[in-house]
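Structure file run35.tsv with TSV, C-alpha atoms:
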chain	number	residue	atom	x	y	z
A	1	MET	CA	0.00	0.00	0.00
A	2	ASP	CA	1.60	3.31	-1.04
A	3	ALA	CA	1.76	6.47	1.08
A	4	SER	CA	-1.20	8.11	-0.64
A	5	VAL	CA	-3.45	5.17	0.15
A	6	GLN	CA	-2.26	5.10	3.75
A	7	ARG	CA	-2.97	8.81	4.02
A	8	ALA	CA	-6.40	8.40	2.52
A	9	ARG	CA	-7.31	5.68	4.99
A	10	VAL	CA	-6.12	7.73	7.95
A	11	LEU	CA	-8.02	10.79	6.78
A	12	ASP	CA	-11.36	9.15	6.20
A	13	ARG	CA	-13.99	10.97	8.27
A	14	HIS	CA	-15.92	7.86	9.15
A	15	CYS	CA	-13.14	6.01	10.94
A	16	THR	CA	-10.92	8.67	12.52
A	17	PRO	CA	-11.26	11.30	15.23
A	18	ARG	CA	-11.92	14.93	14.36
A	19	PHE	CA	-8.30	16.09	14.49
A	20	LEU	CA	-7.38	13.51	11.82
A	21	ARG	CA	-10.08	14.50	9.33
A	22	PRO	CA	-8.98	15.94	5.99
A	23	ARG	CA	-9.18	19.58	5.13
A	24	ARG	CA	-11.81	20.78	2.66
A	25	GLY	CA	-11.06	19.56	-0.86
A	26	VAL	CA	-9.16	16.45	0.21
A	27	ARG	CA	-12.20	14.37	1.10
A	28	VAL	CA	-13.35	13.73	-2.48
A	29	ARG	CA	-9.95	12.36	-3.43
A	30	SER	CA	-9.80	10.37	-0.20
A	31	LEU	CA	-13.15	8.69	-0.88
A	32	ALA	CA	-12.13	7.92	-4.48
A	33	ILE	CA	-8.99	6.15	-3.29
A	34	LEU	CA	-10.97	4.26	-0.68
A	35	GLY	CA	-13.39	3.14	-3.39
A	36	CYS	CA	-10.49	1.81	-5.47
A	37	MET	CA	-9.19	-0.03	-2.43
A	38	GLU	CA	-12.57	-1.63	-1.78
A	39	ARG	CA	-12.83	-2.82	-5.39
A	40	ALA	CA	-9.29	-4.23	-5.27
A	41	LEU	CA	-10.06	-6.04	-2.02
A	42	ARG	CA	-13.23	-7.58	-3.46
A	43	ARG	CA	-11.30	-8.75	-6.53
A	44	MET	CA	-8.62	-10.25	-4.28
A	45	LEU	CA	-11.35	-12.17	-2.45
A	46	GLY	CA	-13.00	-13.48	-5.60
A	47	GLY	CA	-15.78	-10.90	-5.71
A	48	HIS	CA	-16.64	-11.26	-2.03
A	49	THR	CA	-16.67	-8.47	0.49
A	50	PRO	CA	-14.54	-9.22	3.56
A	51	ALA	CA	-17.75	-9.83	5.54
A	52	SER	CA	-19.14	-12.33	3.01
A	53	PHE	CA	-15.76	-14.07	2.63
A	54	LEU	CA	-15.43	-14.50	6.39
A	55	ARG	CA	-18.99	-15.73	6.68
A	56	ARG	CA	-18.83	-18.16	3.76
A	57	TYR	CA	-15.24	-19.44	3.66
A	58	TRP	CA	-13.09	-18.46	6.66
A	59	HIS	CA	-12.39	-21.58	8.73
A	60	LYS	CA	-14.94	-23.47	6.61
A	61	GLU	CA	-13.91	-24.29	3.04
A	62	ALA	CA	-11.31	-23.55	0.37
A	63	LEU	CA	-11.62	-20.82	-2.25
A	64	LEU	CA	-9.69	-20.70	-5.53
A	65	ILE	CA	-9.42	-17.12	-6.85
A	66	ALA	CA	-8.24	-16.73	-10.44
A	67	GLY	CA	-6.71	-13.31	-11.07
A	68	ALA	CA	-6.85	-12.25	-7.43
A	69	LEU	CA	-4.04	-9.75	-8.10
A	70	PRO	CA	-3.95	-9.14	-11.86
A	71	GLY	CA	-0.53	-8.32	-13.26
A	72	PHE	CA	1.18	-9.32	-10.03
A	73	ALA	CA	4.97	-9.51	-10.25
A	74	PRO	CA	7.39	-11.00	-7.69
A	75	LEU	CA	8.38	-8.62	-4.91
A	76	LEU	CA	11.92	-9.96	-4.74
A	77	SER	CA	14.22	-11.89	-7.05
A	78	ARG	CA	15.61	-15.38	-6.59
A	79	HIS	CA	18.99	-13.73	-5.92
A	80	VAL	CA	17.58	-11.65	-3.05
A	81	LEU	CA	15.70	-14.65	-1.63
A	82	PHE	CA	18.90	-16.71	-1.62
A	83	GLY	CA	20.59	-13.83	0.18
A	84	LEU	CA	17.92	-13.86	2.90
A	85	ALA	CA	18.32	-17.64	3.28
A	86	ALA	CA	22.02	-17.06	4.00
A	87	ARG	CA	21.30	-14.83	7.03
A	88	ASP	CA	21.42	-15.99	10.65
A	89	ASP	CA	18.38	-13.90	11.59
A	90	VAL	CA	16.12	-15.44	8.92
A	91	GLN	CA	14.45	-18.83	9.28
A	92	SER	CA	14.79	-20.95	6.14
A	93	ARG	CA	14.43	-24.58	5.08
A	94	LEU	CA	15.46	-26.59	2.05
A	95	VAL	CA	13.26	-29.56	1.12
A	96	GLN	CA	14.46	-32.01	-1.53
A	97	ARG	CA	12.48	-34.85	-3.02
A	98	THR	CA	14.52	-38.02	-3.24
A	99	ARG	CA	13.92	-41.53	-4.42
A	100	ASN	CA	13.03	-42.55	-0.86
A	101	GLY	CA	10.83	-39.55	-0.02
A	102	TYR	CA	11.85	-36.15	1.32
A	103	MET	CA	14.93	-34.67	2.94
A	104	GLN	CA	14.94	-31.38	4.90
A	105	ASP	CA	17.83	-29.13	5.90
A	106	ASP	CA	17.57	-25.98	8.00
A	107	GLY	CA	19.32	-22.73	7.12
A	108	PRO	CA	21.23	-20.54	7.00
A	109	PHE	CA	22.61	-21.71	3.64
A	110	ARG	CA	25.59	-20.53	1.67
A	111	ARG	CA	24.41	-18.89	-1.52
A	112	ALA	CA	26.86	-21.04	-3.51
A	113	THR	CA	25.22	-24.17	-2.08
A	114	LEU	CA	21.80	-23.05	-3.29
A	115	GLU	CA	23.12	-22.10	-6.72
A	116	ARG	CA	24.60	-25.60	-7.18
A	117	LEU	CA	21.36	-27.45	-6.47
A	118	ALA	CA	19.98	-29.85	-9.07
A	119	ALA	CA	17.65	-28.64	-11.80
A	120	ARG	CA	14.61	-30.37	-10.30
A	121	ASN	CA	12.79	-31.52	-7.17
A	122	TRP	CA	13.72	-29.03	-4.47
A	123	THR	CA	12.06	-26.16	-2.63
A	124	LEU	CA	13.55	-23.33	-0.58
A	125	LEU	CA	11.20	-21.86	2.04
A	126	VAL	CA	12.00	-18.54	3.73
A	127	GLN	CA	9.88	-17.37	6.69
A	128	GLY	CA	9.09	-13.83	7.75
A	129	VAL	CA	10.09	-12.12	4.50
A	130	ASN	CA	7.78	-9.24	5.49
A	131	LEU	CA	10.23	-8.39	8.30
A	132	HIS	CA	13.02	-7.73	5.81
A	133	VAL	CA	11.41	-6.51	2.58
A	134	GLU	CA	9.18	-3.42	2.62
A	135	ALA	CA	7.09	-4.54	-0.36
A	136	ALA	CA	6.44	-7.90	1.32
A	137	ASP	CA	5.18	-6.13	4.43
A	138	ALA	CA	2.90	-3.96	2.26
A	139	LEU	CA	1.48	-7.13	0.65
A	140	LEU	CA	0.85	-8.68	4.07
A	141	ARG	CA	-1.07	-5.54	5.13
A	142	ARG	CA	-3.50	-6.05	2.23
A	143	PHE	CA	-5.00	-8.74	4.44
A	144	ALA	CA	-5.75	-6.31	7.28
A	145	PHE	CA	-9.44	-7.22	7.12
A	146	ILE	CA	-8.17	-9.97	9.46
A	147	PRO	CA	-7.02	-8.52	12.83
A	148	TYR	CA	-3.28	-7.95	13.17
A	149	ALA	CA	-3.42	-10.15	16.26
A	150	ARG	CA	-4.09	-13.09	13.88
A	151	LEU	CA	-1.92	-12.05	10.95
A	152	ASP	CA	1.43	-13.85	11.18
A	153	ASP	CA	3.90	-13.57	8.33
A	154	LEU	CA	4.66	-13.88	4.64
A	155	MET	CA	6.62	-16.98	3.69
A	156	VAL	CA	8.21	-17.21	0.24
A	157	SER	CA	8.93	-20.56	-1.35
A	158	TYR	CA	11.06	-20.89	-4.45
A	159	ALA	CA	10.73	-24.27	-6.17
A	160	ALA	CA	12.54	-25.87	-9.06
A	161	PRO	CA	10.35	-27.94	-11.41
A	162	GLY	CA	8.96	-30.91	-9.49
A	163	GLY	CA	9.66	-29.25	-6.15
A	164	GLY	CA	7.23	-29.54	-3.26
A	165	VAL	CA	7.00	-30.44	0.41
A	166	GLY	CA	4.57	-33.33	0.06
A	167	PRO	CA	0.88	-33.71	0.95
A	168	HIS	CA	0.29	-32.11	4.34
A	169	TYR	CA	-2.04	-29.88	6.33
A	170	ASP	CA	-1.58	-26.71	8.34
A	171	SER	CA	-3.14	-25.90	11.70
A	172	TYR	CA	-3.91	-22.35	10.59
A	173	ASP	CA	-5.58	-20.49	7.72
A	174	VAL	CA	-3.39	-19.65	4.74
A	175	PHE	CA	-3.61	-17.74	1.46
A	176	LEU	CA	-1.31	-19.16	-1.25
A	177	LEU	CA	-0.52	-16.48	-3.82
A	178	GLN	CA	1.30	-17.47	-6.98
A	179	ALA	CA	4.02	-14.88	-7.63
A	180	SER	CA	5.84	-16.38	-10.63
A	181	GLY	CA	5.78	-19.55	-12.66
A	182	HIS	CA	3.11	-22.20	-12.17
A	183	ARG	CA	2.29	-24.57	-9.35
A	184	ARG	CA	-0.21	-27.41	-9.38
A	185	TRP	CA	-2.27	-27.73	-6.21
A	186	ARG	CA	-4.26	-30.79	-5.25
A	187	TYR	CA	-6.35	-30.20	-2.14
A	188	GLY	CA	-9.49	-31.01	-0.20
A	189	PRO	CA	-10.95	-31.81	3.22
A	190	GLN	CA	-9.69	-35.07	4.64
A	191	PRO	CA	-10.83	-36.76	7.86
A	192	ASP	CA	-7.77	-39.04	8.06
A	193	LEU	CA	-4.91	-36.77	9.11
A	194	ARG	CA	-2.50	-39.46	10.23
A	195	LEU	CA	1.12	-38.81	9.27
A	196	VAL	CA	3.88	-41.00	7.86
A	197	PRO	CA	6.04	-41.89	10.88
A	198	ASP	CA	9.78	-41.19	11.16
A	199	LEU	CA	9.96	-38.45	8.53
A	200	PRO	CA	11.48	-34.96	8.98
A	201	LEU	CA	8.34	-33.48	7.39
A	202	ARG	CA	4.68	-33.81	8.34
A	203	ILE	CA	3.56	-35.93	5.36
A	204	LEU	CA	0.05	-37.37	5.26
A	205	ALA	CA	-0.03	-41.14	5.21
A	206	HIS	CA	-3.18	-41.14	3.07
A	207	PHE	CA	-3.95	-38.26	0.72
A	208	THR	CA	-7.19	-38.19	-1.27
A	209	PRO	CA	-7.55	-34.73	-2.86
A	210	ARG	CA	-10.92	-33.50	-4.06
A	211	HIS	CA	-9.68	-30.58	-6.21
A	212	ASP	CA	-6.89	-30.11	-8.76
A	213	ALA	CA	-5.83	-26.68	-10.07
A	214	THR	CA	-2.73	-25.09	-11.56
A	215	LEU	CA	-2.10	-21.51	-10.42
A	216	ALA	CA	-0.50	-18.83	-12.59
A	217	PRO	CA	0.94	-15.49	-11.40
A	218	GLY	CA	-1.73	-13.45	-9.59
A	219	ASP	CA	-3.92	-16.48	-8.79
A	220	MET	CA	-4.55	-17.30	-5.14
A	221	LEU	CA	-5.86	-20.23	-3.13
A	222	TYR	CA	-7.32	-19.88	0.36
A	223	LEU	CA	-7.24	-22.94	2.61
A	224	PRO	CA	-8.81	-23.25	6.08
A	225	PRO	CA	-7.05	-25.15	8.89
A	226	HIS	CA	-6.55	-28.90	8.46
A	227	TYR	CA	-7.31	-28.80	4.73
A	228	ALA	CA	-5.01	-31.34	3.08
A	229	HIS	CA	-2.97	-29.97	0.18
A	230	ASP	CA	0.02	-30.76	-2.01
A	231	GLY	CA	1.71	-28.24	-4.30
A	232	ILE	CA	4.12	-29.28	-7.04
A	233	ALA	CA	6.06	-26.77	-9.16
A	234	VAL	CA	5.26	-27.15	-12.86
A	235	ASP	CA	8.20	-24.90	-13.71
A	236	ALA	CA	10.57	-22.77	-11.64
A	237	CYS	CA	8.18	-20.74	-9.51
A	238	MET	CA	7.63	-18.62	-6.42
A	239	THR	CA	4.65	-18.92	-4.10
A	240	TYR	CA	3.84	-16.49	-1.31
A	241	SER	CA	2.10	-17.91	1.76
A	242	ILE	CA	0.18	-15.46	3.94
A	243	GLY	CA	-0.18	-17.32	7.22
A	244	PHE	CA	-2.17	-16.65	10.38
A	245	ARG	CA	-1.44	-17.20	14.03
A	246	ALA	CA	-3.36	-20.00	15.75
A	247	PRO	CA	-1.59	-20.83	19.03
A	248	SER	CA	-2.73	-23.92	20.85
A	249	TYR	CA	-4.46	-23.40	24.17
A	250	GLN	CA	-1.59	-25.36	25.74
A	251	GLU	CA	0.88	-22.76	24.40
A	252	LEU	CA	-1.30	-19.95	25.70
A	253	ALA	CA	-1.68	-21.57	29.12
A	254	GLU	CA	2.08	-22.06	29.50
A	255	ALA	CA	2.80	-18.50	28.39
A	256	PHE	CA	0.12	-17.16	30.75
A	257	LEU	CA	1.69	-18.96	33.70
A	258	ASP	CA	5.02	-17.35	32.79
A	259	HIS	CA	3.24	-13.99	32.68
A	260	LEU	CA	1.73	-14.56	36.13
A	261	ARG	CA	5.12	-15.51	37.55
A	262	ASP	CA	6.49	-12.05	36.75
A	263	ALA	CA	3.93	-10.41	39.05
A	264	LEU	CA	3.47	-13.23	41.54
A	265	ASP	CA	3.56	-12.37	45.27
A	266	VAL	CA	2.82	-15.28	47.63
A	267	PRO	CA	4.05	-14.27	51.11
A	268	GLY	CA	5.26	-16.55	53.89
A	269	ARG	CA	7.26	-19.76	54.06
A	270	TYR	CA	6.27	-23.33	54.79
A	271	ALA	CA	6.16	-24.14	58.50
A	272	ASP	CA	4.63	-26.91	60.63
A	273	ALA	CA	4.78	-26.08	64.34
A	274	ASP	CA	2.27	-28.88	64.99
A	275	LEU	CA	4.46	-31.56	63.35
A	276	ARG	CA	4.06	-35.04	64.85
A	277	HIS	CA	6.33	-38.04	65.06
A	278	ALA	CA	6.51	-39.68	61.60
A	279	ARG	CA	5.66	-43.37	61.69
A	280	GLU	CA	5.86	-43.56	57.85
A	281	PRO	CA	8.64	-41.08	56.95
A	282	ALA	CA	8.23	-41.55	53.18
A	283	ARG	CA	4.57	-40.51	53.24
A	284	ILE	CA	3.59	-36.94	52.22
A	285	GLY	CA	1.05	-36.16	54.88
A	286	LYS	CA	-2.39	-34.61	54.51
A	287	PRO	CA	-1.49	-31.62	56.74
A	288	MET	CA	1.38	-30.71	54.44
A	289	GLN	CA	-0.81	-31.01	51.36
A	290	ARG	CA	-3.50	-28.80	52.94
A	291	ARG	CA	-0.94	-26.10	53.83
A	292	ILE	CA	0.37	-26.00	50.25
A	293	VAL	CA	-3.15	-25.92	48.82
A	294	ASN	CA	-4.00	-22.98	51.05
A	295	ALA	CA	-0.81	-21.13	50.10
A	296	LEU	CA	-1.28	-21.65	46.35
A	297	SER	CA	-4.90	-20.56	46.54
A	298	ALA	CA	-3.46	-17.04	46.82
A	299	VAL	CA	-2.52	-17.29	43.13
A	300	ARG	CA	-5.48	-15.70	41.38
A	301	PHE	CA	-6.19	-13.97	38.10
A	302	ASP	CA	-9.07	-12.08	36.53
A	303	ALA	CA	-10.16	-10.92	33.09
A	304	ASP	CA	-7.87	-7.90	33.24
A	305	ASP	CA	-4.84	-10.13	33.92
A	306	VAL	CA	-5.75	-12.24	30.88
A	307	ALA	CA	-6.27	-9.15	28.69
A	308	ARG	CA	-2.91	-7.70	29.68
A	309	PHE	CA	-1.17	-11.03	29.05
A	310	LEU	CA	-2.85	-11.42	25.67
A	311	GLY	CA	-1.79	-7.97	24.47
A	312	ARG	CA	1.80	-8.59	25.49
A	313	TYR	CA	1.84	-12.09	24.04
A	314	LEU	CA	0.36	-11.12	20.67
A	315	SER	CA	2.65	-8.12	20.22
A	316	GLU	CA	5.82	-9.91	21.32
A	317	PRO	CA	8.42	-9.94	18.48
A	318	LYS	CA	9.71	-13.29	17.31
A	319	ALA	CA	13.01	-14.43	18.77
A	320	ASP	CA	15.05	-13.49	15.70
A	321	VAL	CA	13.67	-9.93	15.41
A	322	LEU	CA	16.15	-7.16	16.19
A	323	PHE	CA	15.34	-3.44	16.22
A	324	VAL	CA	17.94	-0.96	14.99
A	325	PRO	CA	17.99	2.22	17.13
A	326	GLY	CA	16.79	5.27	15.20
A	327	THR	CA	18.87	8.32	14.37
A	328	ARG	CA	19.53	10.34	17.52
A	329	ARG	CA	17.41	13.50	17.47
A	330	SER	CA	16.24	15.92	20.12
A	331	ARG	CA	12.56	15.80	20.95
A	332	ALA	CA	12.04	19.24	19.41
A	333	ASP	CA	13.75	18.21	16.16
A	334	PHE	CA	11.71	14.98	16.09
A	335	ALA	CA	8.47	16.96	16.58
A	336	ARG	CA	9.34	19.30	13.70
A	337	ARG	CA	10.21	16.40	11.40
A	338	ILE	CA	7.01	14.42	11.97
A	339	ALA	CA	4.93	17.60	11.57
A	340	ARG	CA	6.47	17.90	8.08
A	341	ALA	CA	6.64	14.26	7.00
A	342	GLY	CA	4.41	12.17	9.27
A	343	ILE	CA	5.44	8.85	10.81
A	344	ARG	CA	5.30	5.15	9.99
A	345	LEU	CA	5.72	2.12	12.18
A	346	ASP	CA	8.76	0.00	11.45
A	347	ARG	CA	7.64	-3.14	9.61
A	348	ARG	CA	8.89	-5.26	12.55
A	349	THR	CA	6.76	-3.37	15.07
A	350	GLN	CA	3.51	-4.85	16.32
A	351	LEU	CA	1.26	-2.20	17.87
A	352	LEU	CA	-2.09	-3.43	19.22
A	353	TYR	CA	-4.67	-2.10	21.65
A	354	ASP	CA	-7.75	-2.97	23.66
A	355	ASP	CA	-10.16	-0.82	25.66
A	356	ALA	CA	-7.67	-0.29	28.49
A	357	ARG	CA	-4.14	-0.31	27.08
A	358	LEU	CA	-1.76	-0.14	24.14
A	359	TYR	CA	0.68	-2.98	23.50
A	360	ILE	CA	3.89	-2.51	21.54
A	361	ASN	CA	6.47	-5.23	20.94
A	362	GLY	CA	5.63	-7.17	24.09
A	363	GLU	CA	5.16	-4.20	26.43
A	364	ASP	CA	1.96	-2.57	27.65
A	365	LEU	CA	1.20	1.03	28.53
A	366	ALA	CA	-1.78	3.12	29.52
A	367	VAL	CA	-2.32	6.31	27.53
A	368	THR	CA	-4.14	9.49	28.51
A	369	ALA	CA	-7.44	10.18	26.80
A	370	SER	CA	-5.92	13.08	24.85
A	371	GLY	CA	-3.54	10.76	23.02
A	372	VAL	CA	-5.34	7.47	22.72
A	373	ASN	CA	-7.20	8.22	19.48
A	374	ALA	CA	-4.03	9.17	17.61
A	375	LEU	CA	-2.13	6.11	18.81
A	376	ARG	CA	-5.02	3.79	17.97
A	377	ALA	CA	-5.15	5.31	14.50
A	378	LEU	CA	-1.40	4.69	14.17
A	379	ALA	CA	-1.91	1.07	15.23
A	380	ASP	CA	-4.72	0.52	12.70
A	381	ARG	CA	-3.19	2.41	9.75
A	382	ARG	CA	0.49	1.79	10.55
A	383	ALA	CA	1.10	5.47	9.75
A	384	LEU	CA	0.03	9.00	10.62
A	385	PRO	CA	0.16	11.87	8.11
A	386	ALA	CA	1.98	15.12	8.80
A	387	GLU	CA	-1.19	17.12	9.46
A	388	ALA	CA	-2.19	14.68	12.22
A	389	CYS	CA	1.30	14.69	13.74
A	390	ALA	CA	1.31	18.50	13.87
A	391	ASP	CA	-1.63	18.41	16.31
A	392	LEU	CA	-0.41	15.67	18.65
A	393	PRO	CA	-0.38	16.34	22.41
A	394	ALA	CA	3.07	16.81	23.94
A	395	GLU	CA	2.94	13.53	25.88
A	396	VAL	CA	2.22	11.57	22.68
A	397	VAL	CA	5.14	13.27	20.89
A	398	ALA	CA	7.37	12.31	23.83
A	399	LEU	CA	6.20	8.69	23.63
A	400	LEU	CA	6.72	8.54	19.86
A	401	HIS	CA	10.18	10.06	20.28
A	402	GLU	CA	11.02	7.25	22.70
A	403	TRP	CA	9.76	4.67	20.19
A	404	GLN	CA	11.87	6.31	17.48
A	405	ARG	CA	14.98	5.99	19.66
A	406	HIS	CA	14.30	2.27	20.13
A	407	GLY	CA	13.79	1.70	16.40
A	408	PHE	CA	10.05	1.03	16.63
A	409	LEU	CA	9.33	3.68	13.96
A	410	ALA	CA	10.59	3.71	10.37
A	411	ASP	CA	13.56	6.05	10.47
Could you write out this file's structure as structure tokens?
Amino acid sequence: MDASVQRARVLDRHCTPRFLRPRRGVRVRSLAILGCMERALRRMLGGHTPASFLRRYWHKEALLIAGALPGFAPLLSRHVLFGLAARDDVQSRLVQRTRNGYMQDDGPFRRATLERLAARNWTLLVQGVNLHVEAADALLRRFAFIPYARLDDLMVSYAAPGGGVGPHYDSYDVFLLQASGHRRWRYGPQPDLRLVPDLPLRILAHFTPRHDATLAPGDMLYLPPHYAHDGIAVDACMTYSIGFRAPSYQELAEAFLDHLRDALDVPGRYADADLRHAREPARIGKPMQRRIVNALSAVRFDADDVARFLGRYLSEPKADVLFVPGTRRSRADFARRIARAGIRLDRRTQLLYDDARLYINGEDLAVTASGVNALRALADRRALPAEACADLPAEVVALLHEWQRHGFLAD
């Protein structure tokens, strides 16, 4: 999404506070751009509005969309992708089809190693490309009709002819956008999700696809969770996977317990002044159990504890994400600059909010009423135009200046 579209979205009267509304004469252009965006979004979803797509397909059934993004061209070259796969801070995998099945190696990879691969039957998969390529992040944000709390990353797979990762299923929703070349997809619902044992990849033991389609550049396939699918490269091709977060409740429970530990305060120490002579010294006695039960009953949580945990958890950067500190500027210089040019969140920054707090990159903060609308608009639009920044309260400018110093804003 280019700057003009971002500005138009921020300035729309129907979704922003008064101080963000456009001046007279800008609104007509703003609404025209918004209309173009709505038409593009409907085309991307096969003629469906976001509401009808979510109601009809999301989490329910697959949707093949021919020409979802007409004229789409790859956002990065094979050379750049190989360069990303060589980096320590980028997660990558190489899957090769062999006579006996599949073989997987984890990156980083030397570029020379990738260049010497055979002419057929291999796939390079690079995760989180949106964290490193601005255009990839912009593509990911086209799917903002799904909450950012669910939007995960953009994975790019480059496959030589015959390349694929075998029939499998994902535990999350995914959009598969064909960027270059052609890939044949066989897919369908499948009740038997048992896997082939003792393989490095999650390969379905029994795969009975219901659909068969070959995607060309600009075509896209949406698959709900647990939909079996197998993609084979017809020729050298790139496929972009827009994936969504779906943590297991076990993961959430473990992370929540870690969150509680940080603020835990259980006073006192175990004591048993009424201890009696032990006739069975190996037995853990009922009195001891009762004392521990009573002590641990002090560990409590409420809905606000869960909300605070969730905001921190969902905005927490992945382990390999590093922020580069911004250019050192005084607060006054920073205020003048954003009043002239506006601000944008760094593509690695996750800024979320609920009714009580803002959450940025794993931290939470309460914001005064005078600044909350601007910061929520920044979270939703990922940018604020200059005219909005010129009217920001002093405490919001100070907060944004701190974020700029930490590298949370695009420099």
For Asp265 in chain A: contacts at 12 Å, all atoms listed in the file, fewer than 6 positions along chain excluded, given as an MDAnalysis selection string: chainID A and resid 295:300
Test item: which residues lie within 9 Å of (9.1, -7.2, 21.0) counting only C-alpha atoms, as a ChimeraX atom specification: /A:312,315-319,321-323,348-350,360-363
Shell of 10 Å around Leu69 in chain A, only C-alpha atoms, local chain residues under 3 positions omitted, as an NGL selection string: :A and (40-41 or 43-45 or 65-66 or 72-73 or 177-179 or 217-220)
d(CA of Ala341 in chain A, CA of Ser370 in chain A) in Å: 21.9 Å
Test item: which residues lie within 12 Å of (-0.4, -21.1, 51.8) counting all atoms listed in the file, as a VMD selection string: chain A and resid 265 to 272 287 to 299
Can you build me a table of range 134-163 of chain A residues sitting at most 12 Å from range 117-120 of chain A, with the closest atom pair per residue and its distance in Å to one decimal, using only C-alpha atoms, sorted by chain and residue number, as JSON lines?
{"residue": "A:Tyr158", "atom": "CA", "partner": "A:Arg120", "partner_atom": "CA", "distance": 11.7}
{"residue": "A:Ala159", "atom": "CA", "partner": "A:Arg120", "partner_atom": "CA", "distance": 8.3}
{"residue": "A:Ala160", "atom": "CA", "partner": "A:Arg120", "partner_atom": "CA", "distance": 5.1}
{"residue": "A:Pro161", "atom": "CA", "partner": "A:Arg120", "partner_atom": "CA", "distance": 5.0}
{"residue": "A:Gly162", "atom": "CA", "partner": "A:Arg120", "partner_atom": "CA", "distance": 5.7}
{"residue": "A:Gly163", "atom": "CA", "partner": "A:Arg120", "partner_atom": "CA", "distance": 6.6}
Closest of A:Tyr148, A:Tyr172, A:Trp185, A:Phe53 to Arg210 in chain A - atom-to-atom distances counting all atoms listed in the file: A:Trp185
Nearby residues (all atoms listed in the file) at most 12 Å from Val90 in chain A, same-chain spacing under 3 positions excluded, as a list in words: Leu81, Phe82, Gly83, Leu84, Ala85, Ala86, Arg87, Arg93, Asp106, Gly107, Pro108, Phe109, Leu125, Val126, Gln127, Gly128, Val129, Asn130, Leu131, His132, Val133, Met155, Val156, Lys318, Ala319, Asp320, Val321 and Leu322 of chain A
Length of the CA of Tyr222 in chain A to CA of Ile203 in chain A vector [Å]: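 Straight-line distance from CA of Tyr222 in chain A to CA of Ile203 in chain A works out to 20.0 Å.
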Contacts of Arg183 in chain A at 9 Å (all atoms listed in the file; same-chain gap of 4+ positions) as a list in words: Pro161, Gln178, Ala213, Thr214, Leu215, Ala216, Gly231, Ile232, Ala233, Val234, Asp235, Ala236, Cys237, Met238 and Thr239 of chain A
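Counting all atoms listed in the file and comparing A:Asp212, A:Asp346, A:Asp152, A:Asp354, the residue that lies closest to Arg245 in chain A is A:Asp152.
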Proximity to Ile146 in chain A - best of A:Pro325, A:Pro247, A:Gly35, A:Pro50, only C-alpha atoms: A:Pro50
Pick from A:Gly371, A:Pro225, A:Pro197, A:Pro167 nearest to Pro209 in chain A, counting all atoms listed in the file: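 When distances to Pro209 in chain A are compared using all atoms listed in the file, the smallest one comes from A:Pro167.
Between CA of Tyr359 in chain A and CA of Leu314 in chain A the separation is 8.6 Å.
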Nearest candidate to Val174 in chain A (options A:Trp58, A:Phe145, A:Trp122, A:Tyr102; using only C-alpha atoms):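 Using only C-alpha atoms, the shortest distance to Val174 in chain A belongs to A:Trp58.
With distances restricted to all atoms listed in the file, A:Arg42 is the closest residue to Ala68 in chain A from A:His206, A:Arg405, A:Arg376, A:Arg42.
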